[in-house]
>>> print(open('model30.csv').read())   # CSV, C-alpha atoms
chain,number,residue,atom,x,y,z
U,171,MET,CA,57.7,-125.0,-33.6
U,172,LYS,CA,61.1,-123.4,-34.6
U,173,CYS,CA,61.9,-121.2,-37.6
U,174,ARG,CA,63.6,-123.3,-40.2
U,175,LYS,CA,66.0,-120.5,-41.1
U,176,CYS,CA,67.1,-119.0,-37.7
U,177,GLY,CA,65.8,-121.4,-35.0
U,178,ASP,CA,63.7,-118.7,-33.3
U,179,ARG,CA,60.0,-119.3,-32.4
U,180,ALA,CA,58.0,-119.8,-35.6
U,181,VAL,CA,54.8,-117.8,-36.1
U,182,LEU,CA,53.5,-119.5,-39.2
U,183,GLU,CA,53.6,-123.1,-40.4
U,184,LEU,CA,53.7,-123.5,-44.2
U,185,ARG,CA,52.5,-127.0,-44.7
U,186,ARG,CA,52.7,-127.0,-48.4
U,187,HIS,CA,56.4,-126.1,-48.1
U,188,ASN,CA,56.9,-128.4,-45.2
U,189,THR,CA,58.4,-125.6,-43.1
U,190,ALA,CA,57.7,-123.0,-40.5
U,191,LEU,CA,59.2,-119.5,-40.2
U,192,CYS,CA,59.5,-116.7,-37.6
U,193,GLY,CA,58.1,-113.2,-38.4
U,194,PRO,CA,61.1,-111.5,-40.0
U,195,ASP,CA,62.0,-114.6,-42.1
U,196,PHE,CA,58.4,-115.0,-43.2
U,197,VAL,CA,58.2,-111.4,-44.3
U,198,ASN,CA,61.4,-111.9,-46.4
U,199,PHE,CA,60.1,-115.2,-47.7
U,200,PHE,CA,56.8,-113.5,-48.9
U,201,ARG,CA,58.6,-110.6,-50.5
U,202,HIS,CA,61.1,-112.9,-52.2
U,203,HIS,CA,58.3,-115.1,-53.7
U,204,VAL,CA,56.3,-112.1,-54.9
U,205,LEU,CA,59.2,-110.4,-56.6
U,206,GLU,CA,60.4,-113.7,-58.1
U,207,THR,CA,56.9,-114.2,-59.5
U,208,ILE,CA,57.0,-110.7,-61.0
U,209,ARG,CA,60.4,-111.5,-62.6
U,210,ARG,CA,59.6,-114.9,-63.9
U,211,TRP,CA,56.3,-113.8,-65.5
U,212,ARG,CA,57.7,-110.5,-66.7
U,213,MET,CA,54.8,-108.7,-65.0
U,214,LEU,CA,56.4,-105.3,-64.3
U,215,VAL,CA,59.3,-103.2,-65.7
U,216,HIS,CA,61.0,-101.5,-62.8
U,217,ASP,CA,60.8,-97.9,-64.0
U,218,GLU,CA,57.3,-97.9,-65.4
U,219,PRO,CA,54.5,-96.5,-63.2
U,220,VAL,CA,52.1,-99.2,-61.9
U,221,LEU,CA,48.5,-98.6,-60.8
U,222,ILE,CA,47.5,-100.9,-57.9
U,223,ALA,CA,43.8,-101.6,-57.5
U,224,VAL,CA,43.3,-101.4,-53.7
U,225,SER,CA,40.1,-102.5,-51.9
U,226,GLY,CA,41.3,-101.9,-48.3
U,227,GLY,CA,41.6,-105.7,-47.8
U,228,LYS,CA,44.7,-107.7,-46.9
U,229,ASP,CA,45.7,-108.7,-50.4
U,230,SER,CA,45.8,-105.4,-52.3
U,231,LEU,CA,47.4,-103.5,-49.3
U,232,ALA,CA,50.0,-106.3,-48.9
U,233,LEU,CA,50.8,-106.1,-52.6
U,234,TRP,CA,51.1,-102.3,-52.4
U,235,ASP,CA,53.4,-102.7,-49.4
U,236,VAL,CA,55.7,-105.2,-51.2
U,237,LEU,CA,55.9,-103.2,-54.4
U,238,HIS,CA,56.5,-99.8,-52.7
U,239,ASP,CA,59.2,-101.4,-50.5
U,240,ALA,CA,60.8,-102.9,-53.6
U,241,GLY,CA,61.1,-99.4,-55.2
U,242,TYR,CA,58.3,-99.6,-57.8
U,243,ARG,CA,56.6,-96.4,-58.8
U,244,THR,CA,53.2,-97.1,-57.4
U,245,THR,CA,49.9,-95.3,-57.3
U,246,GLY,CA,46.7,-96.7,-55.7
U,247,LEU,CA,43.3,-96.8,-57.2
U,248,TYR,CA,40.4,-97.2,-54.9
U,249,ILE,CA,37.1,-98.0,-56.5
U,250,ASP,CA,34.2,-96.8,-54.3
U,251,LEU,CA,31.5,-99.4,-54.7
U,252,GLY,CA,29.1,-97.4,-52.5
U,253,ILE,CA,28.3,-100.5,-50.3
U,254,PHE,CA,27.4,-98.5,-47.2
U,255,ASP,CA,29.6,-98.9,-44.1
U,256,TYR,CA,31.7,-101.6,-45.8
U,257,SER,CA,32.9,-99.1,-48.5
U,258,ARG,CA,33.4,-96.3,-46.0
U,259,ALA,CA,35.6,-98.5,-43.8
U,260,SER,CA,37.6,-99.9,-46.7
U,261,LYS,CA,38.2,-96.5,-48.2
U,262,ALA,CA,39.4,-95.2,-44.9
U,263,ARG,CA,41.9,-98.1,-44.7
U,264,CYS,CA,43.3,-97.2,-48.2
U,265,GLU,CA,43.5,-93.5,-47.4
U,266,ALA,CA,45.4,-94.2,-44.1
U,267,PHE,CA,47.8,-96.6,-45.8
U,268,ALA,CA,48.6,-94.1,-48.5
U,269,ALA,CA,48.9,-91.2,-46.1
U,270,GLU,CA,51.3,-93.0,-43.8
U,271,ARG,CA,53.6,-93.7,-46.6
U,272,GLY,CA,53.2,-90.5,-48.6
U,273,LEU,CA,51.7,-92.4,-51.6
U,274,ASP,CA,49.2,-91.2,-54.2
U,275,LEU,CA,45.7,-92.7,-54.0
U,276,ARG,CA,43.1,-92.0,-56.7
U,277,VAL,CA,39.4,-92.6,-56.0
U,278,VAL,CA,36.7,-93.3,-58.5
U,279,ALA,CA,33.1,-94.0,-57.5
U,280,VAL,CA,31.0,-96.6,-59.3
U,281,ALA,CA,28.0,-94.3,-58.7
U,282,ASP,CA,29.7,-91.6,-60.9
U,283,GLU,CA,30.5,-94.0,-63.7
U,284,ALA,CA,27.6,-96.4,-63.7
U,285,GLY,CA,24.9,-94.0,-62.5
U,286,ALA,CA,24.3,-95.7,-59.2
U,287,PRO,CA,26.3,-97.5,-56.5
U,288,ILE,CA,26.5,-101.3,-56.5
U,289,PRO,CA,23.6,-101.9,-54.1
U,290,ALA,CA,21.3,-100.1,-56.6
U,291,VAL,CA,23.0,-101.6,-59.6
U,292,ARG,CA,22.3,-105.0,-58.1
U,293,ASP,CA,18.5,-104.4,-58.2
U,294,VAL,CA,18.3,-103.2,-61.8
U,295,THR,CA,20.3,-105.9,-63.5
U,296,ARG,CA,19.9,-109.7,-63.8
U,297,ARG,CA,23.5,-110.2,-63.2
U,298,PRO,CA,24.7,-111.7,-59.9
U,299,THR,CA,26.0,-108.8,-57.7
U,300,CYS,CA,29.6,-110.0,-57.8
U,301,SER,CA,29.4,-110.1,-61.6
U,302,ALA,CA,28.1,-106.5,-62.0
U,303,CYS,CA,30.6,-105.4,-59.5
U,304,GLY,CA,33.5,-107.2,-61.2
U,305,LEU,CA,32.5,-105.8,-64.6
U,306,SER,CA,32.4,-102.3,-63.1
U,307,LYS,CA,35.8,-102.7,-61.5
U,308,ARG,CA,37.5,-104.1,-64.6
U,309,TYR,CA,36.1,-101.2,-66.7
U,310,ILE,CA,37.1,-98.5,-64.2
U,311,MET,CA,40.5,-100.0,-63.7
U,312,ASN,CA,41.3,-100.0,-67.4
U,313,ARG,CA,40.0,-96.5,-68.0
U,314,ALA,CA,41.7,-95.0,-65.0
U,315,ALA,CA,45.0,-96.6,-66.1
U,316,LEU,CA,44.6,-95.4,-69.7
U,317,GLU,CA,43.7,-91.8,-68.6
U,318,GLY,CA,46.4,-91.7,-66.0
U,319,GLY,CA,49.1,-92.9,-68.3
U,320,PHE,CA,49.7,-96.2,-66.5
U,321,PRO,CA,50.7,-99.1,-68.8
U,322,VAL,CA,49.9,-101.7,-66.2
U,323,VAL,CA,47.4,-102.4,-63.4
U,324,ALA,CA,48.3,-104.8,-60.6
U,325,THR,CA,45.6,-106.5,-58.5
U,326,GLY,CA,45.8,-108.5,-55.3
U,327,HIS,CA,44.3,-111.8,-56.5
U,328,ASN,CA,45.9,-114.6,-54.5
U,329,LEU,CA,46.3,-118.4,-55.0
U,330,ASP,CA,43.0,-119.1,-53.3
U,331,ASP,CA,41.2,-116.6,-55.6
U,332,GLU,CA,42.8,-118.0,-58.7
U,333,ALA,CA,42.3,-121.7,-57.7
U,334,ALA,CA,38.6,-121.0,-56.9
U,335,THR,CA,38.0,-119.3,-60.2
U,336,LEU,CA,39.7,-122.2,-62.0
U,337,LEU,CA,37.5,-124.7,-60.1
U,338,GLY,CA,34.4,-122.7,-61.1
U,339,SER,CA,35.4,-122.4,-64.7
U,340,THR,CA,36.3,-126.1,-64.9
U,341,LEU,CA,33.0,-127.2,-63.3
U,342,ARG,CA,31.2,-125.3,-66.1
U,343,TRP,CA,33.8,-126.1,-68.7
U,344,ASP,CA,33.7,-122.4,-69.5
U,345,GLU,CA,36.3,-122.4,-72.3
U,346,SER,CA,36.4,-118.7,-72.7
U,347,SER,CA,37.1,-118.1,-69.0
U,348,LEU,CA,39.7,-120.9,-69.0
U,349,ALA,CA,41.4,-119.2,-72.0
U,350,ARG,CA,41.6,-115.9,-70.1
U,351,GLN,CA,42.8,-117.3,-66.7
U,352,THR,CA,46.3,-116.1,-66.5
U,353,PRO,CA,48.4,-114.1,-64.0
U,354,VAL,CA,49.4,-111.7,-66.9
U,355,LEU,CA,46.7,-110.4,-69.2
U,356,ALA,CA,48.5,-108.8,-72.0
U,357,ALA,CA,47.6,-105.5,-73.6
U,358,THR,CA,46.2,-107.0,-76.8
U,359,HIS,CA,44.6,-103.7,-78.0
U,360,PRO,CA,45.9,-100.1,-77.7
U,361,LYS,CA,42.9,-99.3,-75.4
U,362,LEU,CA,43.7,-102.2,-73.1
U,363,VAL,CA,46.3,-102.0,-70.4
U,364,ARG,CA,48.2,-105.0,-69.1
U,365,ARG,CA,46.8,-106.6,-65.9
U,366,VAL,CA,49.0,-108.5,-63.6
U,367,LYS,CA,48.4,-110.6,-60.4
U,368,PRO,CA,51.8,-110.7,-58.5
U,369,LEU,CA,50.2,-112.6,-55.5
U,370,PHE,CA,48.9,-115.5,-57.5
U,371,ARG,CA,51.3,-117.9,-55.9
U,372,MET,CA,50.7,-116.7,-52.3
U,373,SER,CA,47.9,-118.3,-50.4
U,374,GLU,CA,45.2,-116.3,-48.7
U,375,ARG,CA,46.6,-117.2,-45.3
U,376,GLU,CA,50.1,-116.2,-46.2
U,377,THR,CA,48.9,-112.9,-47.4
U,378,ALA,CA,46.9,-112.3,-44.3
U,379,ALA,CA,49.9,-113.2,-42.2
U,380,TYR,CA,52.1,-110.8,-44.1
U,381,ALA,CA,49.6,-108.0,-43.7
U,382,PHE,CA,49.3,-108.7,-39.9
U,383,LEU,CA,53.1,-109.0,-39.4
U,384,ARG,CA,53.7,-105.7,-41.3
U,385,GLY,CA,51.1,-103.9,-39.1
U,386,ILE,CA,48.9,-103.1,-42.1
U,387,ASP,CA,45.4,-102.0,-40.9
U,388,TYR,CA,43.2,-103.8,-43.4
U,389,ILE,CA,39.4,-104.5,-43.4
U,390,VAL,CA,38.8,-108.0,-42.0
U,391,GLU,CA,35.1,-108.0,-42.7
U,392,GLU,CA,34.1,-109.5,-46.0
U,393,CYS,CA,31.9,-107.7,-48.5
U,394,PRO,CA,28.3,-108.2,-47.4
U,395,PHE,CA,27.3,-109.2,-50.9
U,396,ALA,CA,30.0,-111.9,-51.1
U,397,ARG,CA,28.3,-114.0,-48.4
U,398,GLY,CA,26.9,-117.1,-50.0
U,399,ALA,CA,28.8,-116.4,-53.2
U,400,THR,CA,29.7,-119.5,-55.3
U,401,SER,CA,33.3,-118.5,-55.3
U,402,ILE,CA,33.4,-118.7,-51.5
U,403,THR,CA,31.9,-122.2,-51.6
U,404,HIS,CA,34.6,-123.2,-54.0
U,405,LYS,CA,37.2,-121.8,-51.7
U,406,GLU,CA,35.8,-123.8,-48.8
U,407,LEU,CA,36.0,-127.0,-50.9
U,408,LEU,CA,39.6,-126.3,-51.8
U,409,ASP,CA,40.4,-125.6,-48.1
U,410,ARG,CA,39.2,-129.0,-47.2
U,411,LEU,CA,41.3,-130.6,-49.9
U,412,GLU,CA,44.4,-128.5,-48.9
U,413,SER,CA,44.0,-129.6,-45.2
U,414,THR,CA,44.3,-133.3,-46.1
U,415,SER,CA,46.7,-132.8,-49.0
U,416,PRO,CA,48.9,-129.7,-48.6
U,417,GLY,CA,49.9,-128.1,-51.9
U,418,SER,CA,46.7,-129.1,-53.8
U,419,LYS,CA,45.6,-125.6,-54.6
U,420,ALA,CA,49.1,-124.7,-56.0
U,421,MET,CA,49.3,-127.9,-58.0
U,422,PHE,CA,45.8,-127.5,-59.4
U,423,LEU,CA,46.5,-123.9,-60.6
U,424,GLN,CA,50.1,-124.3,-61.7
U,425,GLY,CA,49.3,-127.6,-63.6
U,426,PHE,CA,46.6,-125.8,-65.5
U,427,LEU,CA,48.8,-122.9,-66.4
U,428,ASP,CA,51.7,-125.2,-67.5
U,429,LYS,CA,49.7,-127.9,-69.2
U,430,ALA,CA,46.2,-126.9,-70.1
U,431,ARG,CA,45.6,-123.2,-70.6
U,432,GLY,CA,47.4,-123.0,-73.9
U,433,VAL,CA,44.9,-125.5,-75.4
U,434,PHE,CA,42.0,-123.2,-74.5
U,435,GLN,CA,43.9,-120.1,-75.6
U,436,GLU,CA,44.5,-121.5,-79.0
U,437,ARG,CA,40.8,-122.1,-79.6
U,438,GLU,CA,39.8,-118.6,-78.4
U,439,THR,CA,39.3,-116.3,-81.4
U,440,VAL,CA,38.1,-112.9,-80.1
U,441,THR,CA,38.4,-109.7,-82.1
U,442,LEU,CA,38.5,-106.6,-79.9
U,443,LEU,CA,36.7,-103.5,-81.2
U,444,GLU,CA,36.1,-100.1,-79.6
U,445,CYS,CA,32.7,-99.3,-78.0
U,446,VAL,CA,30.8,-96.8,-80.2
U,447,ARG,CA,29.8,-95.0,-77.0
U,448,CYS,CA,32.8,-94.8,-74.7
U,449,GLY,CA,35.7,-96.0,-76.8
U,450,GLN,CA,36.7,-98.8,-74.4
U,451,THR,CA,37.3,-102.3,-75.8
U,452,THR,CA,34.4,-104.7,-76.5
U,453,THR,CA,33.6,-107.7,-78.7
U,454,GLY,CA,30.4,-106.1,-79.9
U,455,GLU,CA,29.2,-102.6,-80.9
U,456,VAL,CA,28.4,-101.4,-77.3
U,457,CYS,CA,30.5,-102.6,-74.4
U,458,ALA,CA,29.0,-104.4,-71.4
U,459,PHE,CA,29.6,-101.5,-69.1
U,460,CYS,CA,27.7,-99.1,-71.3
U,461,LYS,CA,24.8,-101.6,-71.4
U,462,LEU,CA,24.9,-101.8,-67.6
U,463,ARG,CA,24.8,-98.0,-67.4
U,464,ASP,CA,21.7,-98.1,-69.7
U,465,GLN,CA,20.0,-100.6,-67.5
U,466,VAL,CA,20.8,-98.5,-64.4
U,467,LYS,CA,19.3,-95.4,-66.1
U,468,ARG,CA,16.2,-97.2,-67.1
U,469,GLY,CA,15.8,-98.8,-63.6
U,470,VAL,CA,16.3,-95.4,-61.8
U,471,ARG,CA,13.8,-93.7,-64.2
U,472,SER,CA,11.2,-96.4,-63.7
U,473,ALA,CA,11.7,-96.3,-59.9
U,474,ALA,CA,11.7,-92.5,-59.6
U,475,PRO,CA,7.8,-92.0,-59.4
U,476,ALA,CA,7.6,-94.8,-56.9
U,477,VAL,CA,10.2,-93.0,-54.7
U,478,LYS,CA,7.8,-90.1,-54.3
U,479,ALA,CA,4.9,-92.4,-53.6
U,480,ALA,CA,6.8,-95.0,-51.6
U,481,PRO,CA,4.8,-94.7,-48.4
U,482,ALA,CA,1.5,-95.4,-50.2
U,483,ALA,CA,2.7,-98.0,-52.8
U,484,PRO,CA,2.5,-101.4,-51.2
U,485,GLU,CA,1.8,-103.0,-54.6
U,486,ASP,CA,5.4,-102.3,-55.7
U,487,PRO,CA,7.2,-105.5,-56.6
U,488,PRO,CA,9.9,-106.5,-54.1
U,489,ALA,CA,12.7,-105.8,-56.5
U,490,ALA,CA,11.5,-102.2,-57.0
U,491,ARG,CA,11.2,-101.7,-53.2
U,492,GLY,CA,14.8,-102.9,-52.8
U,493,LEU,CA,15.9,-100.4,-55.4
U,494,ILE,CA,14.1,-97.6,-53.8
U,495,SER,CA,15.5,-98.2,-50.4
U,496,ASP,CA,19.0,-98.6,-51.9
U,497,LEU,CA,18.6,-95.3,-53.8
U,498,HIS,CA,17.6,-93.5,-50.6
U,499,ALA,CA,20.6,-95.1,-48.8
U,500,ALA,CA,22.9,-94.3,-51.7
U,501,ALA,CA,21.8,-90.6,-51.6
U,502,GLU,CA,22.8,-90.6,-48.0
U,503,ILE,CA,26.2,-92.1,-48.7
U,504,HIS,CA,27.0,-89.5,-51.3
U,505,ALA,CA,25.7,-86.6,-49.3
U,506,PRO,CA,28.5,-84.1,-48.5
T,232,MET,CA,40.7,-119.0,-22.1
T,233,LYS,CA,38.5,-116.7,-24.2
T,234,VAL,CA,38.5,-117.4,-28.0
T,235,VAL,CA,37.0,-114.6,-30.1
T,236,ILE,CA,35.9,-115.7,-33.6
T,237,ARG,CA,36.1,-112.6,-35.7
T,238,ASN,CA,33.4,-112.1,-38.3
T,239,GLN,CA,31.0,-114.4,-36.5
T,240,GLY,CA,30.7,-112.2,-33.5
T,241,ARG,CA,31.2,-115.3,-31.4
T,242,GLU,CA,33.1,-115.9,-28.2
T,243,VAL,CA,33.9,-119.3,-26.7
T,244,GLU,CA,35.4,-120.0,-23.3
T,245,PHE,CA,37.7,-123.0,-22.7
T,246,HIS,CA,39.0,-124.2,-19.4
T,247,GLY,CA,42.5,-125.4,-18.9
T,248,ARG,CA,45.7,-125.2,-21.0
T,249,ARG,CA,45.6,-126.7,-24.4
T,250,ARG,CA,47.3,-126.5,-27.8
T,251,VAL,CA,46.1,-124.3,-30.6
T,252,ARG,CA,45.5,-127.4,-32.7
T,253,GLU,CA,43.1,-128.8,-30.1
T,254,VAL,CA,41.2,-125.5,-29.8
T,255,LEU,CA,40.7,-125.4,-33.5
T,256,ALA,CA,39.7,-129.0,-33.7
T,257,GLU,CA,37.1,-128.5,-30.9
T,258,LEU,CA,35.6,-125.6,-32.8
T,259,GLY,CA,35.7,-127.4,-36.1
T,260,VAL,CA,38.0,-124.8,-37.7
T,261,LEU,CA,40.5,-125.8,-40.4
T,262,PRO,CA,44.0,-124.4,-39.5
T,263,GLU,CA,44.4,-123.2,-43.1
T,264,THR,CA,41.4,-120.9,-42.8
T,265,VAL,CA,42.4,-118.6,-39.9
T,266,LEU,CA,45.2,-116.7,-38.3
T,267,VAL,CA,45.5,-117.4,-34.6
T,268,ILE,CA,46.4,-114.2,-32.8
T,269,ARG,CA,47.4,-113.7,-29.2
T,270,GLY,CA,48.0,-110.0,-28.5
T,271,ARG,CA,50.5,-108.9,-31.2
T,272,ASP,CA,51.6,-112.5,-31.9
T,273,LEU,CA,50.7,-115.1,-34.4
T,274,LEU,CA,50.6,-118.6,-33.1
T,275,THR,CA,51.4,-121.9,-34.8
T,276,ILE,CA,49.2,-124.9,-34.2
T,277,ASP,CA,51.6,-126.5,-31.6
T,278,GLU,CA,51.7,-123.5,-29.3
T,279,VAL,CA,50.2,-124.1,-25.8
T,280,VAL,CA,47.6,-121.5,-24.7
T,281,ALA,CA,47.2,-120.8,-21.0
T,282,GLU,CA,43.9,-120.6,-19.1
T,283,ASP,CA,44.0,-116.8,-18.8
T,284,ASP,CA,45.0,-116.1,-22.5
T,285,GLU,CA,42.7,-114.5,-25.0
T,286,LEU,CA,42.9,-115.7,-28.6
T,287,GLU,CA,41.5,-114.2,-31.8
T,288,LEU,CA,40.7,-116.5,-34.7
T,289,ARG,CA,40.7,-114.2,-37.7
T,290,PRO,CA,39.3,-115.7,-40.9
T,291,VAL,CA,41.6,-115.3,-44.0
T,292,ILE,CA,38.9,-115.9,-46.6
T,293,SER,CA,37.6,-112.9,-48.5
T,294,GLY,CA,35.5,-112.2,-51.4
T,295,GLY,CA,34.8,-109.0,-53.3
T,296,ARG,CA,38.0,-107.4,-54.6
T,297,PRO,CA,39.1,-105.7,-57.8
>>> encode(input="model30.csv", output="structure tokens")
Amino acid sequence: MKCRKCGDRAVLELRRHNTALCGPDFVNFFRHHVLETIRRWRMLVHDEPVLIAVSGGKDSLALWDVLHDAGYRTTGLYIDLGIFDYSRASKARCEAFAAERGLDLRVVAVADEAGAPIPAVRDVTRRPTCSACGLSKRYIMNRAALEGGFPVVATGHNLDDEAATLLGSTLRWDESSLARQTPVLAATHPKLVRRVKPLFRMSERETAAYAFLRGIDYIVEECPFARGATSITHKELLDRLESTSPGSKAMFLQGFLDKARGVFQERETVTLLECVRCGQTTTGEVCAFCKLRDQVKRGVRSAAPAVKAAPAAPEDPPAARGLISDLHAAAEIHAP
Amino acid sequence: MKVVIRNQGREVEFHGRRRVREVLAELGVLPETVLVIRGRDLLTIDEVVAEDDELELRPVISGGRP
């Protein structure tokens, strides 16, 4: 296969664009599309500082690479979820990326904010793990941006992420989620920073190829808690559709944004208040993250006596045993 | 040729030359879901892979991000 632009050997076929490109032309193509998306959706102003939420994966590091290369004033934010080796390896990738380019990376640990790392949070809440994790990340991102004087947070959500979220919301007809699904979440409250997704038109494979061709050392392994997640099932369904009908994911998402989202947005009437505990935005009196923190505190307290008696407490319910082992493991992670 | 399927810890041996497209079809892998890597190169589905080549199939799907 030949590169459509220069005729050299192609390294990637782009079936939805009915083309194939060599390495240098694909890198230019990728950057052009991301920067064009930023311009068209008015995501970023060139001189304002932007906080990029980085996970050590291909998407967020590719995004940081593109924005840094284009001259944006970028700072990375790594949220340490405390997921054992996975978090250690992903944090190391972010630190290496930042150090190689002389960029600033800030680190916030979920354990410091929620009272326990994600594996322990998982056991004391009824939320699915990805839900508690997502809530924690959104809260920490917003607060870190506010406290650091950043008007905008950029995340590495790609086309596959967004199409899978849309499919999930549509299957449930979750009007509230449909109203909020957009590549630009405006700052509708003084305590809310703008959130943007500059990669939302780039497929997961295109982003992976960009990271590979740029020599970015990213974590290939997926989060151990994401295995079996519904969002991954939705991605697999969309992959099958895409393989028989290239361009399906983009049409699905873009069609929604162009033709349907406005309908849901008009019907959404949410008044944002400030949490009486932490001051972050909420629709009630106490925000969801403060409630999560309460749950963690109660869970840790009720598990504490059992920790001491663990060897002689076979009657502990399985959930409590899981929490105890995770707390032991978490203590190891955060040991100096 | 040796094909290493990353994230599954699986290695598969193939005998004889064949195209990437055929390797993926035999493994039941959709081309859209992986990068096909030979050394420092990415390969398109029409590339021919030799008997003594080693390929990595690197999944592009991921979950768990900010």
>>> closest_atom_pairs(input="model30.csv", of="chain U", to="chain T", cutoff="7 Å", atoms="all atoms listed in the file", output="tab-separated table")
residue	atom	partner	partner_atom	distance
U:Met171	CA	T:Asp277	CA	6.6
U:Ala180	CA	T:Thr275	CA	7.0
U:Val181	CA	T:Leu273	CA	5.2
U:Leu182	CA	T:Thr275	CA	5.4
U:Glu183	CA	T:Thr275	CA	6.1
U:Ala223	CA	T:Pro297	CA	6.2
U:Ser225	CA	T:Arg296	CA	6.0
U:Cys300	CA	T:Gly295	CA	6.9
U:Gly304	CA	T:Pro297	CA	6.7
U:Lys307	CA	T:Pro297	CA	5.8
U:Thr325	CA	T:Pro297	CA	6.6
U:Glu374	CA	T:Val291	CA	6.0
U:Arg375	CA	T:Val291	CA	5.5
U:Ala378	CA	T:Val291	CA	6.1
U:Glu391	CA	T:Asn238	CA	6.2
U:Glu392	CA	T:Ser293	CA	5.5
U:Cys393	CA	T:Gly295	CA	5.8
U:Ala396	CA	T:Gly294	CA	5.5
U:Ile402	CA	T:Gly294	CA	6.8
U:Asp409	CA	T:Glu263	CA	6.8
U:Ser413	CA	T:Glu263	CA	6.7
>>> closest_residue(input="model30.csv", among="T:Val254, T:Gly247, T:Val235, T:Glu242", to="Asp283 of chain T", atoms="all atoms listed in the file")
T:Gly247
>>> atom_distance(input="model30.csv", atom1="atom CA of Arg313 of chain U", atom2="atom CA of Gln450 of chain U")
7.6 Å
>>> atom_distance(input="model30.csv", atom1="atom CA of Val323 of chain U", atom2="atom CA of Gly246 of chain U")
9.6 Å
>>> atom_distance(input="model30.csv", atom1="atom CA of Glu376 of chain U", atom2="atom CA of Ser301 of chain U")
26.5 Å
>>> residues_around(input="model30.csv", residues="Glu436 of chain U", least_positions_apart="3", cutoff="12 Å", atoms="all atoms listed in the file", output="PDB file with C-alpha atoms, in the coordinates of the input")
ATOM      1  CA  GLU U 345      36.300-122.400 -72.300  1.00  0.00           C
ATOM      2  CA  SER U 346      36.400-118.700 -72.700  1.00  0.00           C
ATOM      3  CA  LEU U 348      39.700-120.900 -69.000  1.00  0.00           C
ATOM      4  CA  ALA U 349      41.400-119.200 -72.000  1.00  0.00           C
ATOM      5  CA  ARG U 350      41.600-115.900 -70.100  1.00  0.00           C
ATOM      6  CA  ALA U 430      46.200-126.900 -70.100  1.00  0.00           C
ATOM      7  CA  ARG U 431      45.600-123.200 -70.600  1.00  0.00           C
ATOM      8  CA  GLY U 432      47.400-123.000 -73.900  1.00  0.00           C
ATOM      9  CA  VAL U 433      44.900-125.500 -75.400  1.00  0.00           C
ATOM     10  CA  THR U 439      39.300-116.300 -81.400  1.00  0.00           C
ATOM     11  CA  VAL U 440      38.100-112.900 -80.100  1.00  0.00           C
TER      12      VAL U 440
END
>>> residues_around(input="model30.csv", residues="Ala281 of chain T", least_positions_apart="2", cutoff="8 Å", atoms="all atoms listed in the file", output="ChimeraX atom specification")
/T:232,247-249,279,283-284
>>> closest_residue(input="model30.csv", among="U:Glu218, U:Asp229, U:Glu438, U:Asp195", to="Gly241 of chain U", atoms="only C-alpha atoms")
U:Glu218
>>> residues_near_point(input="model30.csv", point="(57.9, -118.1, -54.0)", cutoff="12 Å", atoms="all atoms listed in the file", output="PyMOL selection string")
chain U and resi 184+186-187+196-210+329+368-373+376+420
>>> residues_around(input="model30.csv", residues="segment 359-361 of chain U", least_positions_apart="6", cutoff="9 Å", atoms="only C-alpha atoms", output="tab-separated table (two decimals) with C-alpha atoms, in the frame of the given file")
chain	number	residue	atom	x	y	z
U	312	ASN	CA	41.30	-100.00	-67.40
U	313	ARG	CA	40.00	-96.50	-68.00
U	316	LEU	CA	44.60	-95.40	-69.70
U	442	LEU	CA	38.50	-106.60	-79.90
U	443	LEU	CA	36.70	-103.50	-81.20
U	444	GLU	CA	36.10	-100.10	-79.60
U	449	GLY	CA	35.70	-96.00	-76.80
U	450	GLN	CA	36.70	-98.80	-74.40
U	451	THR	CA	37.30	-102.30	-75.80
>>> residues_around(input="model30.csv", residues="Val234 of chain T", least_positions_apart="5", cutoff="6 Å", atoms="only C-alpha atoms", output="MDAnalysis selection string")
chainID T and resid 242:243 285:287
>>> residues_around(input="model30.csv", residues="segment 336-342 of chain U", least_positions_apart="2", cutoff="10 Å", atoms="only C-alpha atoms", output="ChimeraX atom specification")
/U:330-334,344-349,351,400-401,403-405,407-408,419,422-423,426
>>> residues_near_point(input="model30.csv", point="(41.1, -123.6, -31.3)", cutoff="7 Å", atoms="only C-alpha atoms", output="ChimeraX atom specification")
/T:251-258
